[in-house]
Amino acid sequence: MTDNFALLNEPRRPWLDLDSLKEKFLALSTQTHPDRVHQSPEPERIAASARFAELNSAYQCLREPKERLRHLLELERGAKPADIQRVPENLMTAMFEIGQLCKQVDAFLLEYSRVTSPILKVPWFERAQNWVAQLSLRQQKIHSQREELLLELKAMNSAWETATASANRPLDRVEEMYRVLGYLTRWSEQIQERVVRLSL
């Protein structure tokens with residue numbers, strides 16, 4: 001398995017400074033960009049394209065916290081995190097509320113799709129804006145939860161780096177954070193999709 005941290009000269013840890021990561025990616029990708037070898041023999045061009053694609057893939061993985069944690073867990077444990085569908089207890093209420101809100105919005109959108117007259121659609125606009133406001137409020141809560149997790153990740157770096165062995169690192173907490181980030185990302189996408197659909 002490719003170590004994306006090593007590929008981009010980053011220490012293997014839960015939190016990375018995204019500006020520094022981007023600088024390293026840009027410096028490395030400039031050196032290996034396929035355009036630099038466009039007149040070289042084909043094997044060299046193929047190798048440059050493969051290297052550039054590998055760097056790009058590593059950067060995309062490490063810049064996204066959820067994917068970075070998944071990759072970190074794979075490297076530290078030698079296997080992907082188990083596919084557990086159990087929702088953490090502290091997210092159960094949020095999951096229920098988001099599910100209910102999305103169902104209500106879907107019912108509204110279904111009703112709206114049956115209205116054919118432009119004049120009859122006018123009053124629906126205000127109702128749609130009310131749903132957008134509720135969805136936006138929920139989206140802000142998700143964003144706040146995500147920011148709290150990212151702050152915890154940042155604080156985790158010092159303990160991570162001083163641990164002498166993988167066994168001393170907080171891998172269980174990293175895995176839990178990986179799962180929570182997964183739920184938050186999924187919910188955020190579901191809400192955003194409905195906000196777009198409500199743009200009547």
# chains A, B, ... in the order shown; residues from 1 in each chain; ligands from 1
>>> closest_atom_pairs(of="region 92-198 of chain A", to="region 61-65 of chain A", cutoff="10 Å", atoms="only C-alpha atoms", output="JSON lines")
{"residue": "A:Arg146", "atom": "CA", "partner": "A:Pro65", "partner_atom": "CA", "distance": 9.9}
{"residue": "A:Leu149", "atom": "CA", "partner": "A:Pro65", "partner_atom": "CA", "distance": 9.7}
{"residue": "A:Leu150", "atom": "CA", "partner": "A:Pro65", "partner_atom": "CA", "distance": 7.9}
{"residue": "A:Leu153", "atom": "CA", "partner": "A:Pro65", "partner_atom": "CA", "distance": 9.1}
{"residue": "A:Met177", "atom": "CA", "partner": "A:Pro65", "partner_atom": "CA", "distance": 9.6}
{"residue": "A:Tyr178", "atom": "CA", "partner": "A:Pro65", "partner_atom": "CA", "distance": 8.0}
{"residue": "A:Leu181", "atom": "CA", "partner": "A:Pro65", "partner_atom": "CA", "distance": 7.9}
{"residue": "A:Gly182", "atom": "CA", "partner": "A:Pro65", "partner_atom": "CA", "distance": 9.8}
>>> select_by_dssp(residues="chain A", states="helix (DSSP H, G or I)", output="PyMOL selection string")
chain A and resi 4-7+18-32+34-37+42-63+65-77+89-113+118-162+166-168+171-197
>>> residues_around(residues="region 29-34 of chain A", least_positions_apart="2", cutoff="10 Å", atoms="only C-alpha atoms", output="PyMOL selection string")
chain A and resi 8+23-27+36-40+44-56
>>> residues_around(residues="Arg12 (chain A)", least_positions_apart="6", cutoff="8 Å", atoms="only C-alpha atoms", output="number ranges by chain")
A: 5-6, 72
>>> closest_residue(among="A:Ser199, A:Gln60, A:Asn157, A:Gln129", to="Pro11 (chain A)", atoms="only C-alpha atoms")
A:Asn157
>>> atom_distance(atom1="CA of Trp160 (chain A)", atom2="CA of Arg13 (chain A)")
6.7 Å
>>> closest_residue(among="A:Ile191, A:Leu198, A:Leu16, A:Ala133", to="Leu110 (chain A)", atoms="only C-alpha atoms")
A:Leu198
>>> atom_distance(atom1="CA of Met156 (chain A)", atom2="CA of Met95 (chain A)")
26.6 Å
